[in-house]
$ cat input.cif   # mmCIF, C-alpha atoms
data_start
#
loop_
_atom_site.label_atom_id
_atom_site.label_comp_id
_atom_site.auth_asym_id
_atom_site.auth_seq_id
_atom_site.Cartn_x
_atom_site.Cartn_y
_atom_site.Cartn_z
CA TYR A 184 -44.77 92.11 187.64
CA LYS A 185 -47.66 93.57 185.71
CA ALA A 186 -48.10 93.62 181.97
CA ALA A 187 -50.49 95.78 179.99
CA LEU A 188 -51.82 94.99 176.54
CA LYS A 189 -52.89 97.91 174.43
CA TYR A 190 -55.65 97.02 171.99
CA ASN A 191 -56.44 99.17 169.01
CA PRO A 192 -59.85 98.13 167.57
CA ASN A 193 -58.93 99.80 164.29
CA SER A 194 -55.83 97.67 163.83
CA ASP A 195 -56.11 94.69 161.49
CA TYR A 196 -53.14 93.14 163.30
CA CYS A 197 -54.88 93.34 166.70
CA ARG A 198 -58.11 91.92 165.33
CA LYS A 199 -56.20 89.02 163.77
CA LYS A 200 -54.33 88.25 167.01
CA ILE A 201 -57.54 88.34 169.07
CA ALA A 202 -59.18 85.93 166.59
CA GLU A 203 -56.17 83.59 166.82
CA LEU A 204 -56.33 83.68 170.62
CA GLU A 205 -60.05 82.81 170.60
CA VAL A 206 -59.34 79.79 168.41
CA LYS A 207 -56.54 78.55 170.69
CA VAL A 208 -58.25 79.21 174.03
CA GLY A 209 -61.88 78.78 173.06
CA ARG A 210 -64.87 80.82 174.08
CA VAL A 211 -67.44 80.16 176.79
CA LEU A 212 -71.03 80.26 175.58
CA PHE A 213 -74.06 80.31 177.88
CA VAL A 214 -77.55 78.82 177.59
CA SER A 215 -80.51 79.68 179.82
CA ARG A 216 -84.27 79.21 179.72
CA LYS A 217 -84.41 82.99 180.23
CA GLY A 218 -82.16 83.68 177.24
CA SER A 219 -82.76 84.32 173.55
CA ASP A 220 -81.15 82.81 170.47
CA LYS A 221 -80.83 86.37 169.18
CA ASN A 222 -78.30 87.13 171.94
CA SER A 223 -74.53 86.84 171.62
CA GLY A 224 -74.33 83.91 174.07
CA LEU A 225 -71.13 85.31 175.59
CA SER A 226 -72.48 85.93 179.13
CA TRP A 227 -75.39 84.89 181.33
CA GLN A 228 -76.99 88.24 180.58
CA GLN A 229 -76.64 87.50 176.84
CA ALA A 230 -77.34 83.76 177.06
CA PHE A 231 -78.84 81.73 174.24
CA ARG A 232 -82.15 80.03 174.88
CA THR A 233 -81.54 76.67 173.20
CA ILE A 234 -78.77 74.11 173.26
CA ARG A 235 -79.32 73.56 169.54
CA HIS A 236 -78.42 77.15 168.69
CA ALA A 237 -75.39 77.09 170.99
CA LEU A 238 -74.04 73.95 169.28
CA LYS A 239 -74.62 75.51 165.88
CA THR A 240 -72.74 78.66 166.94
CA ALA A 241 -69.87 76.93 168.74
CA ARG A 242 -66.41 76.38 167.30
CA ASP A 243 -63.70 73.86 168.11
CA GLY A 244 -62.39 74.48 171.63
CA ASP A 245 -65.51 76.24 172.91
CA THR A 246 -67.31 75.38 176.15
CA ILE A 247 -71.09 75.66 176.43
CA ILE A 248 -72.53 76.01 179.95
CA VAL A 249 -76.25 75.32 180.39
CA ALA A 250 -78.20 76.82 183.29
CA ASP A 251 -80.51 74.81 185.55
CA GLY A 252 -83.87 73.91 184.07
CA GLU A 253 -85.63 71.54 181.71
CA TYR A 254 -84.92 71.83 178.00
CA ARG A 255 -87.36 70.27 175.52
CA GLU A 256 -84.97 69.47 172.69
CA HIS A 257 -84.07 66.43 170.59
CA ASP A 258 -81.78 65.27 167.77
CA LEU A 259 -78.98 67.64 168.69
CA ASP A 260 -75.71 67.41 166.77
CA PHE A 261 -72.14 68.52 167.55
CA ALA A 262 -71.41 68.33 163.79
CA GLY A 263 -67.93 66.96 164.40
CA LYS A 264 -66.78 69.86 166.57
CA ALA A 265 -64.56 69.48 169.64
CA VAL A 266 -66.93 71.28 172.02
CA HIS A 267 -67.48 70.75 175.75
CA LEU A 268 -71.20 70.90 176.49
CA ARG A 269 -71.91 70.84 180.22
CA SER A 270 -74.54 71.79 182.74
CA ALA A 271 -73.84 74.49 185.29
CA ASN A 272 -74.78 72.42 188.35
CA GLY A 273 -75.04 68.75 187.44
CA PRO A 274 -77.67 66.30 186.18
CA GLU A 275 -80.00 66.75 189.14
CA LYS A 276 -80.73 70.31 188.05
CA CYS A 277 -80.36 70.24 184.27
CA VAL A 278 -82.63 68.02 182.18
CA ILE A 279 -82.95 67.41 178.45
CA ASP A 280 -86.47 66.05 177.92
CA CYS A 281 -86.86 64.65 174.40
CA ALA A 282 -90.62 64.26 175.00
CA LYS A 283 -90.56 61.08 172.86
CA LYS A 284 -90.00 63.13 169.70
CA GLY A 285 -86.55 61.69 168.97
CA ARG A 286 -83.22 60.93 170.58
CA ALA A 287 -81.14 63.58 172.37
CA PHE A 288 -77.85 63.46 170.42
CA ASN A 289 -76.50 62.12 167.14
CA PHE A 290 -72.73 61.66 166.96
CA VAL A 291 -72.20 60.78 163.32
CA SER A 292 -69.45 63.17 162.14
CA GLY A 293 -66.33 61.51 163.53
CA GLU A 294 -66.39 63.22 166.93
CA GLY A 295 -63.46 62.31 169.18
CA PRO A 296 -62.77 62.38 172.94
CA ASP A 297 -62.51 66.20 172.96
CA THR A 298 -66.22 66.32 172.16
CA ILE A 299 -67.61 66.18 175.69
CA LEU A 300 -71.16 65.84 177.01
CA GLU A 301 -71.30 66.33 180.77
CA GLY A 302 -73.78 66.71 183.59
CA PHE A 303 -77.27 66.22 182.12
CA THR A 304 -80.27 64.06 182.80
CA ILE A 305 -81.52 62.81 179.44
CA LYS A 306 -85.01 61.38 179.52
CA ASN A 307 -87.89 60.30 177.28
CA GLY A 308 -85.67 59.85 174.25
CA VAL A 309 -86.89 57.49 171.55
CA GLY A 310 -84.82 55.93 168.76
CA HIS A 311 -87.71 55.83 166.33
CA LYS A 312 -86.04 57.51 163.35
CA LYS A 313 -84.68 54.96 160.93
CA ILE A 314 -80.91 54.97 160.52
CA GLU A 315 -79.42 53.43 157.38
CA ILE A 316 -76.62 50.94 158.03
CA VAL A 317 -74.48 49.35 155.30
CA ASP A 318 -73.27 45.85 156.18
CA GLU A 319 -69.97 44.21 155.17
CA GLU A 320 -71.48 42.97 151.91
CA GLY A 321 -72.67 46.46 150.94
CA SER A 322 -76.34 45.79 151.61
CA LYS A 323 -78.36 48.62 153.14
CA HIS A 324 -80.63 48.14 156.13
CA LYS A 325 -82.73 50.62 158.07
CA PHE A 326 -83.11 50.24 161.81
CA GLN A 327 -84.27 52.27 164.78
CA PHE A 328 -81.48 52.53 167.33
CA GLY A 329 -80.31 54.53 170.33
CA GLY A 330 -83.06 56.06 172.43
CA ALA A 331 -80.87 58.85 173.84
CA ILE A 332 -77.57 58.77 171.91
CA PHE A 333 -76.54 57.36 168.55
CA CYS A 334 -72.80 57.00 167.77
CA ARG A 335 -71.58 56.01 164.33
CA SER A 336 -67.82 56.10 163.67
CA SER A 337 -67.57 58.56 166.56
CA SER A 338 -65.99 58.44 170.01
CA PRO A 339 -67.19 61.30 172.24
CA THR A 340 -66.76 61.56 176.00
CA ILE A 341 -70.01 61.18 177.96
CA ARG A 342 -69.56 62.05 181.61
CA ASN A 343 -71.74 62.35 184.72
CA CYS A 344 -75.05 61.96 182.89
CA ARG A 345 -78.28 60.20 183.81
CA PHE A 346 -80.35 58.31 181.27
CA GLU A 347 -83.94 57.73 182.31
CA ASN A 348 -86.94 56.28 180.47
CA ASP A 349 -85.25 56.21 177.06
CA GLY A 350 -86.07 53.52 174.52
CA ALA A 351 -85.35 52.13 171.06
CA TRP A 352 -87.50 49.96 168.85
CA ASN A 353 -84.43 47.87 167.98
CA GLU A 354 -81.11 48.06 169.87
CA GLY A 355 -79.63 50.41 172.44
CA GLY A 356 -82.33 51.76 174.73
CA ALA A 357 -80.09 54.65 175.83
CA ILE A 358 -76.85 54.48 173.79
CA TYR A 359 -76.08 52.78 170.49
CA CYS A 360 -72.50 52.44 169.16
CA CYS A 361 -71.58 51.11 165.73
CA ASN A 362 -68.88 51.22 163.03
CA ASN A 363 -65.77 51.59 165.21
CA SER A 364 -67.31 53.91 167.78
CA ASN A 365 -65.31 53.98 171.02
CA PRO A 366 -66.90 56.54 173.33
CA THR A 367 -65.83 57.00 176.93
CA ILE A 368 -68.85 56.67 179.21
CA GLU A 369 -68.00 57.49 182.80
CA ASN A 370 -69.87 58.10 186.05
CA CYS A 371 -73.25 57.80 184.34
CA ARG A 372 -76.48 56.24 185.60
CA PHE A 373 -78.92 54.25 183.47
CA GLU A 374 -82.39 53.65 184.84
CA ASN A 375 -85.66 52.38 183.30
CA ASN A 376 -84.37 52.29 179.73
CA GLY A 377 -85.45 49.62 177.26
CA ALA A 378 -84.83 48.11 173.84
CA GLY A 379 -87.03 46.00 171.57
CA THR A 380 -84.23 43.53 170.86
CA HIS A 381 -80.76 43.93 172.44
CA GLY A 382 -79.06 46.24 174.92
CA GLY A 383 -81.58 47.83 177.24
CA ALA A 384 -79.11 50.55 178.20
CA ILE A 385 -76.10 50.22 175.84
CA TYR A 386 -75.60 48.31 172.59
CA CYS A 387 -72.26 47.92 170.77
CA ASN A 388 -71.89 46.62 167.24
CA ASN A 389 -69.35 46.34 164.41
CA ASN A 390 -65.97 46.77 166.15
CA SER A 391 -67.15 49.28 168.73
CA ASN A 392 -65.40 49.20 172.09
CA PRO A 393 -66.61 51.87 174.51
CA THR A 394 -64.83 52.49 177.80
CA ILE A 395 -67.42 52.26 180.59
CA LYS A 396 -66.26 53.42 184.03
CA GLY A 397 -68.07 54.05 187.30
CA CYS A 398 -71.56 53.63 185.82
CA GLY A 399 -74.70 52.25 187.47
CA PHE A 400 -77.55 50.29 185.87
CA ARG A 401 -81.02 49.78 187.31
CA ASN A 402 -84.26 48.41 185.84
CA ASN A 403 -83.12 48.41 182.23
CA SER A 404 -84.52 45.73 179.92
CA ALA A 405 -84.32 44.19 176.45
CA GLU A 406 -86.61 41.66 174.80
CA TRP A 407 -83.84 39.37 173.54
CA SER A 408 -80.48 39.91 175.25
CA GLY A 409 -78.50 42.29 177.41
CA GLY A 410 -80.85 44.03 179.79
CA ALA A 411 -78.03 46.45 180.58
CA ILE A 412 -75.32 45.96 177.91
CA SER A 413 -75.19 43.88 174.73
CA CYS A 414 -72.17 43.60 172.41
CA TRP A 415 -71.97 41.94 168.99
CA ASP A 416 -69.63 41.68 166.00
CA ASN A 417 -66.17 42.09 167.55
CA SER A 418 -67.35 44.63 170.11
CA SER A 419 -66.77 44.75 173.87
CA PRO A 420 -66.92 47.35 176.66
#
$ encode --input "input.cif" --output "structure tokens"
Amino acid sequence: YKAALKYNPNSDYCRKKIAELEVKVGRVLFVSRKGSDKNSGLSWQQAFRTIRHALKTARDGDTIIVADGEYREHDLDFAGKAVHLRSANGPEKCVIDCAKKGRAFNFVSGEGPDTILEGFTIKNGVGHKKIEIVDEEGSKHKFQFGGAIFCRSSSPTIRNCRFENDGAWNEGGAIYCCNNSNPTIENCRFENNGAGTHGGAIYCNNNSNPTIKGCGFRNNSAEWSGGAISCWDNSSP
């Protein structure tokens, strides 16, 4: 059987139904080094140029596909949206190089498991920006955490990524989790990451319990404890 849908662009009803369908199904947005952030992002021919602009444009349920290449970007933010950000052809061909200007991603808006980061090599990230943390007694402290990813009260899915040469002045050379952050980290590789105190690759603090599956760790280091993973304050992987 075949069905035909007649669409009248002048009909308010049709426009409303198309908008509802986009929200339910989600759009696919494209990013390419050959693109432009002035494009629509809705095809490879109209691809955006930066991941930052694609994340800003995306809505809940959207998928962003990033073409092969190296992207010099840092401090990217999903802003709480359930968006699937993935490379077109895996971490070997798609690199986010933070160039030691900051970390790659901040998850600080309550992101859940439907916020997905997949298929990137993330390198040269540095957790040098001070993050303010309030302890149980209400005292404020500023630290420098998470060379590649910082999670606070957020639980994204991080899948098939490589973390290389990322570092933090305090904890979490690659990934830092705090304040009930429970990300799923699966099939990732951590190599040559380092922290000034704890958790050369991953650090968990304050009731954070990430799920870590199928990951590999090589040549990660920390000055005090946990060359690969360090967990404190009711936290465990």
$ closest_residue --input "input.cif" --among "A:Trp227, A:Phe328, A:Phe346, A:Phe261" --to "Gly295 (chain A)" --atoms "only C-alpha atoms"
A:Phe261
$ resolve_selection --input "input.cif" --expression "the PyMOL selection byres ((chain A and resi 348) around 10)" --output "compact mmCIF listing (two decimals) with C-alpha atoms, in the coordinates of the input"
# COMPACT_ATOMS: atom_id res chain seq x y z
CA LYS A 283 -90.56 61.08 172.86
CA ILE A 305 -81.52 62.81 179.44
CA LYS A 306 -85.01 61.38 179.52
CA ASN A 307 -87.89 60.30 177.28
CA GLY A 308 -85.67 59.85 174.25
CA VAL A 309 -86.89 57.49 171.55
CA GLY A 330 -83.06 56.06 172.43
CA ALA A 331 -80.87 58.85 173.84
CA PHE A 346 -80.35 58.31 181.27
CA GLU A 347 -83.94 57.73 182.31
CA ASP A 349 -85.25 56.21 177.06
CA GLY A 350 -86.07 53.52 174.52
CA GLY A 356 -82.33 51.76 174.73
CA ALA A 357 -80.09 54.65 175.83
CA PHE A 373 -78.92 54.25 183.47
CA GLU A 374 -82.39 53.65 184.84
CA ASN A 375 -85.66 52.38 183.30
CA ASN A 376 -84.37 52.29 179.73
CA GLY A 377 -85.45 49.62 177.26
CA ALA A 384 -79.11 50.55 178.20
CA ASN A 402 -84.26 48.41 185.84
CA ASN A 403 -83.12 48.41 182.23
$ closest_residue --input "input.cif" --among "A:Cys387, A:Arg269, A:Leu300, A:Glu256" --to "Cys281 (chain A)" --atoms "only C-alpha atoms"
A:Glu256
$ atom_distance --input "input.cif" --atom1 "CA of Lys217 (chain A)" --atom2 "CA of Arg345 (chain A)"
23.9 Å
$ resolve_selection --input "input.cif" --expression "the PyMOL selection byres ((chain A and resi 237) around 10)" --output "ChimeraX atom specification"
/A:212-214,220,223-224,230-236,238-242,246-249,261,268
$ atom_distance --input "input.cif" --atom1 "CA of Ala287 (chain A)" --atom2 "CA of Arg372 (chain A)"
15.8 Å
$ atom_distance --input "input.cif" --atom1 "CA of Phe333 (chain A)" --atom2 "CA of His267 (chain A)"
17.7 Å
$ closest_residue --input "input.cif" --among "A:Asn392, A:Ser226, A:Asn417, A:Thr298" --to "Val211 (chain A)" --atoms "only C-alpha atoms"
A:Ser226
$ residues_around --input "input.cif" --residues "Cys361 (chain A)" --least-positions-apart "6" --cutoff "9 Å" --atoms "all atoms listed in the file" --output "PDB file with C-alpha atoms, in the frame of the given file"
ATOM      1  CA  PHE A 333     -76.540  57.360 168.550  1.00  0.00           C
ATOM      2  CA  CYS A 334     -72.800  57.000 167.770  1.00  0.00           C
ATOM      3  CA  ARG A 335     -71.580  56.010 164.330  1.00  0.00           C
ATOM      4  CA  SER A 336     -67.820  56.100 163.670  1.00  0.00           C
ATOM      5  CA  SER A 337     -67.570  58.560 166.560  1.00  0.00           C
ATOM      6  CA  TYR A 386     -75.600  48.310 172.590  1.00  0.00           C
ATOM      7  CA  CYS A 387     -72.260  47.920 170.770  1.00  0.00           C
ATOM      8  CA  ASN A 388     -71.890  46.620 167.240  1.00  0.00           C
ATOM      9  CA  ASN A 389     -69.350  46.340 164.410  1.00  0.00           C
ATOM     10  CA  ASN A 390     -65.970  46.770 166.150  1.00  0.00           C
ATOM     11  CA  SER A 391     -67.150  49.280 168.730  1.00  0.00           C
ATOM     12  CA  SER A 418     -67.350  44.630 170.110  1.00  0.00           C
TER      13      SER A 418
END
